[in-house]
Amino acid sequence: MGHLLPAEIIEAGRIFAEALAACGDMDALLRVKGAYVGREGSHAALMMALLKAAPKEQKRDLGAAINSLKQQWEESLKARQAELETVKRNRSERSANWDPSLPPPVPPCGALHPLNRLMDRLVDVFRPLGFHVEEGPEIETEAHNFDGLNIPEDHPAKASSDTFYLAAHPELLLRTHTSPVQVRTLLRVAPDLAARGGIRFLAPGRVYRKDEIDPTHSPMFHQVEGMLVGRGIGMQHLKGTLEYALRALFGPHTEIRLRPSYFPFVEPGCEVDVSCPLCGAQGCRVCKGSGWVEILGAGLIHPNVLKYAGIDSAEWSGWAFGMGVERMAMMLSQTPDLRLFFENDQRFLKAMGGLD
Amino acid sequence: MWFERKTLAQDIPAVAELDTRQLCELLASLGFPVDGVAVRDGAEVLDVDITANRGDAMSHRGMAREIAAKLKRPLAPIPVEPLAESAEVISVRLDGSACPIYSTALLALGEGTTPGEAQAFLLALESTPKRLPAVDASNELLHRYGHPTHAFDADRITGSVAVRWARAGEALVTLDGVTRTLAPQDLVIADEAGPIALAGVMGGDGTKVTETTRRVLLESAWFDPKTVRAAARRHNLHTDASHRFGRGADPAMAIVARDLLVERLSAWCSARLTGAWTVGTIPVAGAPVRLTGELLTRVAGEPLSLAEAGEGLKRLGCAVGTHGDHLSVTAPSWRHDLSIPEDLAEEVLRLRGYACIPSVLPPLEGPPQPLSPAYLQRQRISRRLAHLGFHQTVTYGFISPELDAAFAAPGNDTEGRTLSNPLGQEYSVMRGSLLPSLRLAAEQNLRQGARAVRLFELAPTYASGSKGPRESHTLGLVWGGTLGGEDYLTIARPVREADLTGIATALGLARLPVVHALGENLFGAELLVADLPSAGDRIIPWFRPFSRFPSVERDLSLLVDLGQSYEALATAMTAALPAEELQELRCVDVFRHKNLPDGRQAWLMRLRFQADRTLVGEEVDGWLAAALAAAESLGAKLRA
């Protein structure tokens, strides 16, 4: 009696089994159920309408065909529903025989890069003291990278053996430190320095030096620069700030030590050591038994740096520091090879960077 | 630089009272950290780090001077008898100001060699004795007193000697056997036949002292630091002498060092002095520097007495005049780094010890500044992506031109972004795209056995411009490998392009501009951070009312052509629906099967309506019919 049904009903009946098998969950099953035996707009509803309109002599046969089809669909739907419910029950952890210690689905978890994480941490540490973040380009002018920082004309760092230059723009280079951000920022704020009451900022970023790639050298690395300009700023303020910051980073019992050193852009200059965070200054391999590790270079801003930016060094003074992020990360984590930070192996990133 | 403890103690006997650790700490507190300690042939030696501004400390005498000043203990006098100056035996002429003083002597050498003690001293400092007294004595004096000297074989000098600028085309074979073409900026020692030494850097091979040398002409001069530095750099010839002259030697040592050298040659090999003479004079010291009590107090962080400061500076060799509120200070001839008041303040603090500096938090004079929205936005993006399973990478800003070409925007020529002196061709172009670096990192991870790789980088990309490359903060994303299948609830499937597209919504975008297929099941996208929506100025957005009436959801299964654009279909359907009530319209399932009509697929469209009232069935039916009609106008059909 199938010939009495329209082609699309026959076709629908033909793919019914497949459609049913494709239902992975109750939602999908309900959609199929709606399309086939639903009260409105379904194949069954259409057939009932056909039956109503059919000539009297066909009604009997047609009715039987329709009923058989509907019954078949309904039974199959019921069976599939039971199947899906079983699956669902099986998957329910409340089910008696389901071991809740089976590994659950784990949400995706990425990681921040450890170097970025460390830089973020430094920013967090300095924020309560009123420091904000300044940034500058990685392709810099010779003036910002060297001249504005009291670096002499014939300084060896300017040589093409140490610094990358742009072929088409010989006056441009890849910044060799984050210090040009000092120059840019001071030039920008100089006119309204008094209204601002000085300035204090951090400048984290990527820098480049012409070093071959090996376990302790990389042609690109990261620095965090800190600078403060105010009235009557001296070495005591540098020491006070660094003591606060390094204790915030390494713990309240951390001690710091300033040693005289030399950088062209500061005077006086110093290296800053921190009591070894790995052994608590007891003496270990990292601090070579001394209890101290060198952590950054700093000093009071050289008057020529202020002068270059148009700031009167008789009225204003300040301090600056710069630290190597990789160096600190390697020290803290005891990562044996600098190149790991640039290989971007997810296992390393997950373990070292993670998430806050 | 290496120092022998025993020799230091000859100049400053107090060193003998310190143990090694105390000595190391003392030196570090003065700005000379000790990198290592060794014992060589019974002699303790220290490897001391000396900053570039302290050429004066690059000798045992110089370091002893520092220790003496710090410990307030006396420095032993230099054991030397000044020689009587004679008339010039060989004429020496000084051209220009780069060599203001040149002290010399002519000696006839006798029998004898370098004494064992001097040889041991040189060996302890990692310097090889040549067993030629004139050479070894000069070398010993360099380490001992920091003043470079030189001995020429006098019998190989032609006529008179001049210290002059090299002439174009002149050449010199230096002691290392290399022929150097000289530049007019090179200061040379020349005889009448031509250059015999590159001043302050290295002697010439033709006049060097050998076993057969009978007579020597000594040189103990002072050369302009800048000139020496430039020559050393020009000829890539960095020597003990150029390091010291280049950082500024002590002009007052010129005559003293000659006298010491003559004394040693007399003692070591019975040399007989023919004559000792000096041309030129010691340059006059610079103007005194004024150090006020105010500046000293500001730098030191506490009031320091000027008298005490002056006393410390005197211990360092400065001439100090006291004038009530300030000192006028003249640096000693060996210090070239004391030219501004801050330099002097540093010296005062250095002698007191940086440990004495008080620790004070700087007062806040003005309001602090907030973090910039651009910085915060990048922080937010990083965190969001990390929470979505992406790993942040850090890759080099330079890549090879070949890699760059694959993704750099058309018109972004590489010439403007190329380095003149790269580490190698593979690191020569400032990248126009992050994708090449991200692809390499992703492939590396997959090769290493990662099931899935999800990476992002936030870094600048570069676009060539007339004034140099422009930098733009860029976000790059790659996603590849397999998704799911790591637990009993999800099924494994390959990563699809759509997975990456879906990330767009997490970044606040409706869609990603372009998704690149970077490999099998590996997709990448990149966009400028400036093109991402920012949080705006509002702390939280304006309140938008929402309906509390139930929503109605209806599905429409549509048969559409395989080539149908979803966007076109969705746009057409949306346009036919009431904007107020339509909450959502999206395709929630795609069904492709051989049983479907040829060239067709089925899209299950889910529509959700809501209003500030209960929606009635007829109303929704009407909308559904309108949506279907719009779909049909594009060739879609309701799937039976």
# chains A, B, ... in the order shown; residues from 1 in each chain; ligands from 1
call {"tool": "select_by_dssp", "arguments": {"residues": "range 421-613 of chain B", "states": "alpha helix (DSSP H)", "output": "PyMOL selection string"}}
result
chain B and resi 435-447+497-506+566-575
call {"tool": "interface_residues", "arguments": {"of": "chain B", "to": "chain A", "cutoff": "7 Å", "atoms": "only C-alpha atoms", "output": "PDB file with N, CA and C atoms, in the first residue's frame"}}
result
ATOM      1  N   ALA B  28      84.853  44.722  46.869  1.00  0.00           N
ATOM      2  CA  ALA B  28      83.492  44.852  46.335  1.00  0.00           C
ATOM      3  C   ALA B  28      82.851  46.144  46.847  1.00  0.00           C
ATOM      4  N   SER B  29      83.090  46.471  48.103  1.00  0.00           N
ATOM      5  CA  SER B  29      82.469  47.669  48.671  1.00  0.00           C
ATOM      6  C   SER B  29      83.021  48.929  48.011  1.00  0.00           C
ATOM      7  N   LEU B  30      84.204  48.817  47.401  1.00  0.00           N
ATOM      8  CA  LEU B  30      84.790  49.961  46.702  1.00  0.00           C
ATOM      9  C   LEU B  30      84.367  50.008  45.233  1.00  0.00           C
ATOM     10  N   GLY B  31      83.627  49.002  44.792  1.00  0.00           N
ATOM     11  CA  GLY B  31      83.200  48.973  43.393  1.00  0.00           C
ATOM     12  C   GLY B  31      84.041  48.042  42.542  1.00  0.00           C
ATOM     13  N   THR B  51      85.434  48.493  36.350  1.00  0.00           N
ATOM     14  CA  THR B  51      84.543  49.164  35.399  1.00  0.00           C
ATOM     15  C   THR B  51      85.353  50.074  34.469  1.00  0.00           C
ATOM     16  N   ARG B 298      71.973  65.821  49.669  1.00  0.00           N
ATOM     17  CA  ARG B 298      70.883  65.285  48.845  1.00  0.00           C
ATOM     18  C   ARG B 298      71.250  63.898  48.312  1.00  0.00           C
ATOM     19  N   VAL B 299      72.444  63.767  47.774  1.00  0.00           N
ATOM     20  CA  VAL B 299      72.856  62.481  47.198  1.00  0.00           C
ATOM     21  C   VAL B 299      72.990  61.422  48.285  1.00  0.00           C
ATOM     22  N   ALA B 300      73.579  61.810  49.423  1.00  0.00           N
ATOM     23  CA  ALA B 300      73.881  60.834  50.469  1.00  0.00           C
ATOM     24  C   ALA B 300      72.643  60.444  51.265  1.00  0.00           C
ATOM     25  N   GLY B 301      71.648  61.337  51.279  1.00  0.00           N
ATOM     26  CA  GLY B 301      70.430  61.027  52.017  1.00  0.00           C
ATOM     27  C   GLY B 301      70.510  61.373  53.481  1.00  0.00           C
ATOM     28  N   GLU B 342      78.562  65.400  41.257  1.00  0.00           N
ATOM     29  CA  GLU B 342      78.011  64.084  41.561  1.00  0.00           C
ATOM     30  C   GLU B 342      79.106  63.022  41.614  1.00  0.00           C
ATOM     31  N   ASP B 343      80.128  63.182  40.748  1.00  0.00           N
ATOM     32  CA  ASP B 343      81.253  62.239  40.769  1.00  0.00           C
ATOM     33  C   ASP B 343      81.934  62.265  42.132  1.00  0.00           C
ATOM     34  N   GLU B 346      79.843  60.690  44.836  1.00  0.00           N
ATOM     35  CA  GLU B 346      79.968  59.226  44.763  1.00  0.00           C
ATOM     36  C   GLU B 346      81.232  58.758  45.474  1.00  0.00           C
ATOM     37  N   ARG B 350      81.397  56.235  48.470  1.00  0.00           N
ATOM     38  CA  ARG B 350      82.131  54.989  48.243  1.00  0.00           C
ATOM     39  C   ARG B 350      83.073  54.719  49.416  1.00  0.00           C
ATOM     40  N   TYR B 354      78.530  52.148  50.777  1.00  0.00           N
ATOM     41  CA  TYR B 354      77.117  52.302  50.398  1.00  0.00           C
ATOM     42  C   TYR B 354      76.205  51.706  51.465  1.00  0.00           C
ATOM     43  N   ALA B 355      76.764  50.857  52.324  1.00  0.00           N
ATOM     44  CA  ALA B 355      75.953  50.269  53.397  1.00  0.00           C
ATOM     45  C   ALA B 355      75.457  51.347  54.358  1.00  0.00           C
ATOM     46  N   ILE B 357      74.249  54.217  53.521  1.00  0.00           N
ATOM     47  CA  ILE B 357      73.156  55.018  52.949  1.00  0.00           C
ATOM     48  C   ILE B 357      71.853  54.629  53.633  1.00  0.00           C
ATOM     49  N   PRO B 358      71.091  55.612  54.130  1.00  0.00           N
ATOM     50  CA  PRO B 358      69.816  55.260  54.759  1.00  0.00           C
ATOM     51  C   PRO B 358      68.815  54.740  53.729  1.00  0.00           C
ATOM     52  N   SER B 359      67.772  54.095  54.227  1.00  0.00           N
ATOM     53  CA  SER B 359      66.749  53.540  53.351  1.00  0.00           C
ATOM     54  C   SER B 359      65.453  54.290  53.594  1.00  0.00           C
ATOM     55  N   VAL B 360      64.980  55.022  52.578  1.00  0.00           N
ATOM     56  CA  VAL B 360      63.803  55.885  52.736  1.00  0.00           C
ATOM     57  C   VAL B 360      62.925  55.737  51.502  1.00  0.00           C
ATOM     58  N   LEU B 361      61.617  55.600  51.701  1.00  0.00           N
ATOM     59  CA  LEU B 361      60.728  55.574  50.537  1.00  0.00           C
ATOM     60  C   LEU B 361      60.545  56.995  50.018  1.00  0.00           C
ATOM     61  N   PRO B 362      60.606  57.187  48.695  1.00  0.00           N
ATOM     62  CA  PRO B 362      60.481  58.542  48.150  1.00  0.00           C
ATOM     63  C   PRO B 362      59.084  59.095  48.370  1.00  0.00           C
ATOM     64  N   GLU B 365      54.935  63.258  45.315  1.00  0.00           N
ATOM     65  CA  GLU B 365      54.660  64.698  45.204  1.00  0.00           C
ATOM     66  C   GLU B 365      53.397  64.979  44.414  1.00  0.00           C
ATOM     67  N   GLY B 366      53.138  64.174  43.408  1.00  0.00           N
ATOM     68  CA  GLY B 366      51.951  64.392  42.582  1.00  0.00           C
ATOM     69  C   GLY B 366      51.119  63.137  42.565  1.00  0.00           C
ATOM     70  N   PRO B 368      49.608  59.668  41.348  1.00  0.00           N
ATOM     71  CA  PRO B 368      50.119  58.623  40.450  1.00  0.00           C
ATOM     72  C   PRO B 368      49.277  58.537  39.187  1.00  0.00           C
ATOM     73  N   GLN B 369      49.869  57.988  38.156  1.00  0.00           N
ATOM     74  CA  GLN B 369      49.159  57.855  36.890  1.00  0.00           C
ATOM     75  C   GLN B 369      48.576  56.462  36.757  1.00  0.00           C
ATOM     76  N   PRO B 370      47.411  56.331  36.133  1.00  0.00           N
ATOM     77  CA  PRO B 370      46.878  54.988  35.897  1.00  0.00           C
ATOM     78  C   PRO B 370      47.680  54.271  34.809  1.00  0.00           C
ATOM     79  N   LEU B 371      47.517  52.986  34.734  1.00  0.00           N
ATOM     80  CA  LEU B 371      48.111  52.231  33.630  1.00  0.00           C
ATOM     81  C   LEU B 371      47.350  52.581  32.355  1.00  0.00           C
ATOM     82  N   SER B 382      45.993  38.759  26.972  1.00  0.00           N
ATOM     83  CA  SER B 382      46.900  37.652  27.336  1.00  0.00           C
ATOM     84  C   SER B 382      46.225  36.711  28.308  1.00  0.00           C
ATOM     85  N   ALA B 386      45.079  32.863  27.676  1.00  0.00           N
ATOM     86  CA  ALA B 386      45.689  31.799  28.493  1.00  0.00           C
ATOM     87  C   ALA B 386      44.594  30.963  29.146  1.00  0.00           C
ATOM     88  N   HIS B 387      43.524  31.631  29.582  1.00  0.00           N
ATOM     89  CA  HIS B 387      42.416  30.884  30.182  1.00  0.00           C
ATOM     90  C   HIS B 387      41.682  30.036  29.148  1.00  0.00           C
ATOM     91  N   LEU B 388      41.769  30.426  27.890  1.00  0.00           N
ATOM     92  CA  LEU B 388      41.122  29.643  26.835  1.00  0.00           C
ATOM     93  C   LEU B 388      42.026  28.519  26.339  1.00  0.00           C
ATOM     94  N   GLY B 389      43.179  28.357  26.974  1.00  0.00           N
ATOM     95  CA  GLY B 389      44.027  27.234  26.622  1.00  0.00           C
ATOM     96  C   GLY B 389      45.206  27.585  25.726  1.00  0.00           C
ATOM     97  N   PHE B 390      45.389  28.874  25.454  1.00  0.00           N
ATOM     98  CA  PHE B 390      46.518  29.273  24.600  1.00  0.00           C
ATOM     99  C   PHE B 390      47.760  29.550  25.444  1.00  0.00           C
ATOM    100  N   HIS B 391      48.922  29.216  24.875  1.00  0.00           N
ATOM    101  CA  HIS B 391      50.199  29.441  25.559  1.00  0.00           C
ATOM    102  C   HIS B 391      50.899  30.641  24.931  1.00  0.00           C
ATOM    103  N   GLN B 392      51.326  31.532  25.763  1.00  0.00           N
ATOM    104  CA  GLN B 392      51.982  32.744  25.242  1.00  0.00           C
ATOM    105  C   GLN B 392      53.418  32.428  24.838  1.00  0.00           C
ATOM    106  N   THR B 393      53.787  32.830  23.646  1.00  0.00           N
ATOM    107  CA  THR B 393      55.154  32.583  23.182  1.00  0.00           C
ATOM    108  C   THR B 393      55.938  33.883  23.164  1.00  0.00           C
ATOM    109  N   VAL B 394      57.246  33.738  23.157  1.00  0.00           N
ATOM    110  CA  VAL B 394      58.146  34.866  22.908  1.00  0.00           C
ATOM    111  C   VAL B 394      59.108  34.405  21.826  1.00  0.00           C
ATOM    112  N   THR B 395      59.026  35.031  20.667  1.00  0.00           N
ATOM    113  CA  THR B 395      59.918  34.670  19.564  1.00  0.00           C
ATOM    114  C   THR B 395      60.666  35.914  19.103  1.00  0.00           C
ATOM    115  N   TYR B 396      61.759  35.711  18.411  1.00  0.00           N
ATOM    116  CA  TYR B 396      62.598  36.838  17.978  1.00  0.00           C
ATOM    117  C   TYR B 396      61.840  37.743  17.005  1.00  0.00           C
ATOM    118  N   GLU B 415      63.057  45.492   2.178  1.00  0.00           N
ATOM    119  CA  GLU B 415      64.276  46.321   2.211  1.00  0.00           C
ATOM    120  C   GLU B 415      64.247  47.294   3.382  1.00  0.00           C
ATOM    121  N   GLY B 416      63.096  47.914   3.589  1.00  0.00           N
ATOM    122  CA  GLY B 416      62.991  48.907   4.649  1.00  0.00           C
ATOM    123  C   GLY B 416      63.054  48.290   6.038  1.00  0.00           C
ATOM    124  N   ARG B 417      62.974  46.968   6.136  1.00  0.00           N
ATOM    125  CA  ARG B 417      62.948  46.308   7.446  1.00  0.00           C
ATOM    126  C   ARG B 417      64.163  45.406   7.654  1.00  0.00           C
ATOM    127  N   THR B 418      65.137  45.517   6.766  1.00  0.00           N
ATOM    128  CA  THR B 418      66.278  44.608   6.824  1.00  0.00           C
ATOM    129  C   THR B 418      67.401  45.204   7.672  1.00  0.00           C
ATOM    130  N   LEU B 419      68.032  44.342   8.460  1.00  0.00           N
ATOM    131  CA  LEU B 419      69.160  44.787   9.278  1.00  0.00           C
ATOM    132  C   LEU B 419      70.419  44.845   8.425  1.00  0.00           C
ATOM    133  N   SER B 420      71.299  45.796   8.749  1.00  0.00           N
ATOM    134  CA  SER B 420      72.543  45.877   7.985  1.00  0.00           C
ATOM    135  C   SER B 420      73.556  44.860   8.491  1.00  0.00           C
ATOM    136  N   ASN B 421      73.425  44.475   9.759  1.00  0.00           N
ATOM    137  CA  ASN B 421      74.430  43.575  10.346  1.00  0.00           C
ATOM    138  C   ASN B 421      73.759  42.454  11.141  1.00  0.00           C
ATOM    139  N   PRO B 422      72.925  41.639  10.476  1.00  0.00           N
ATOM    140  CA  PRO B 422      72.213  40.593  11.229  1.00  0.00           C
ATOM    141  C   PRO B 422      73.162  39.491  11.690  1.00  0.00           C
ATOM    142  N   LEU B 423      72.673  38.674  12.610  1.00  0.00           N
ATOM    143  CA  LEU B 423      73.457  37.520  13.067  1.00  0.00           C
ATOM    144  C   LEU B 423      73.606  36.501  11.943  1.00  0.00           C
ATOM    145  N   ALA B 441      56.943  27.425  15.883  1.00  0.00           N
ATOM    146  CA  ALA B 441      56.801  26.979  17.277  1.00  0.00           C
ATOM    147  C   ALA B 441      55.737  25.890  17.373  1.00  0.00           C
ATOM    148  N   ASN B 445      56.242  21.937  18.494  1.00  0.00           N
ATOM    149  CA  ASN B 445      55.478  21.300  19.576  1.00  0.00           C
ATOM    150  C   ASN B 445      54.819  20.006  19.110  1.00  0.00           C
ATOM    151  N   GLY B 468      61.349  54.909   8.259  1.00  0.00           N
ATOM    152  CA  GLY B 468      61.760  53.727   9.010  1.00  0.00           C
ATOM    153  C   GLY B 468      60.559  52.861   9.277  1.00  0.00           C
ATOM    154  N   GLU B 471      55.963  50.348  13.848  1.00  0.00           N
ATOM    155  CA  GLU B 471      55.708  49.195  14.722  1.00  0.00           C
ATOM    156  C   GLU B 471      54.251  49.176  15.124  1.00  0.00           C
ATOM    157  N   ASP B 487      39.325  12.233  27.795  1.00  0.00           N
ATOM    158  CA  ASP B 487      38.560  11.756  28.941  1.00  0.00           C
ATOM    159  C   ASP B 487      37.388  10.957  28.388  1.00  0.00           C
ATOM    160  N   LEU B 489      34.284  11.438  28.434  1.00  0.00           N
ATOM    161  CA  LEU B 489      33.067  12.162  28.058  1.00  0.00           C
ATOM    162  C   LEU B 489      33.151  12.856  26.709  1.00  0.00           C
TER     163      LEU B 489
END
call {"tool": "residues_around", "arguments": {"residues": "Leu512 in chain B", "least_positions_apart": "4", "cutoff": "10 Å", "atoms": "only C-alpha atoms", "output": "ChimeraX atom specification"}}
result
/B:500-505,507,525-527
call {"tool": "select_by_dssp", "arguments": {"residues": "range 113-335 of chain A", "states": "strand (DSSP E)", "output": "PyMOL selection string"}}
result
chain A and resi 132-133+139-141+172-174+199-208+220-230+256-261+266-275+292-301+317-324
call {"tool": "atom_distance", "arguments": {"atom1": "CA of Glu326 in chain A", "atom2": "CA of Gly524 in chain B"}}
result
27.9 Å
call {"tool": "closest_residue", "arguments": {"among": "B:Thr227, B:Ser464, B:Ser534, B:Ser266", "to": "Gly432 in chain B", "atoms": "only C-alpha atoms"}}
result
B:Ser464
call {"tool": "atom_distance", "arguments": {"atom1": "CA of Gly169 in chain B", "atom2": "CA of Pro184 in chain B"}}
result
8.9 Å
call {"tool": "residues_around", "arguments": {"residues": "range 309-314 of chain B", "least_positions_apart": "2", "cutoff": "12 Å", "atoms": "only C-alpha atoms", "output": "VMD selection string"}}
result
chain B and resid 65 to 66 68 to 72 289 to 293 296 to 297 300 303 to 307 316 to 332 335 338 343 to 353
call {"tool": "closest_residue", "arguments": {"among": "A:Glu294, A:Glu255, A:Asp312, A:Asp25", "to": "Ser275 in chain A", "atoms": "only C-alpha atoms"}}
result
A:Glu255
call {"tool": "closest_residue", "arguments": {"among": "A:Leu46, A:Ile10, A:Gln81, A:Leu69", "to": "Leu29 in chain A", "atoms": "only C-alpha atoms"}}
result
A:Gln81
call {"tool": "atom_distance", "arguments": {"atom1": "CA of Pro597 in chain B", "atom2": "CA of Trp73 in chain A"}}
result
22.4 Å
call {"tool": "residues_around", "arguments": {"residues": "Ser179 in chain A", "least_positions_apart": "2", "cutoff": "7 Å", "atoms": "only C-alpha atoms", "output": "PyMOL selection string"}}
result
chain A and resi 145+177+181-183+225
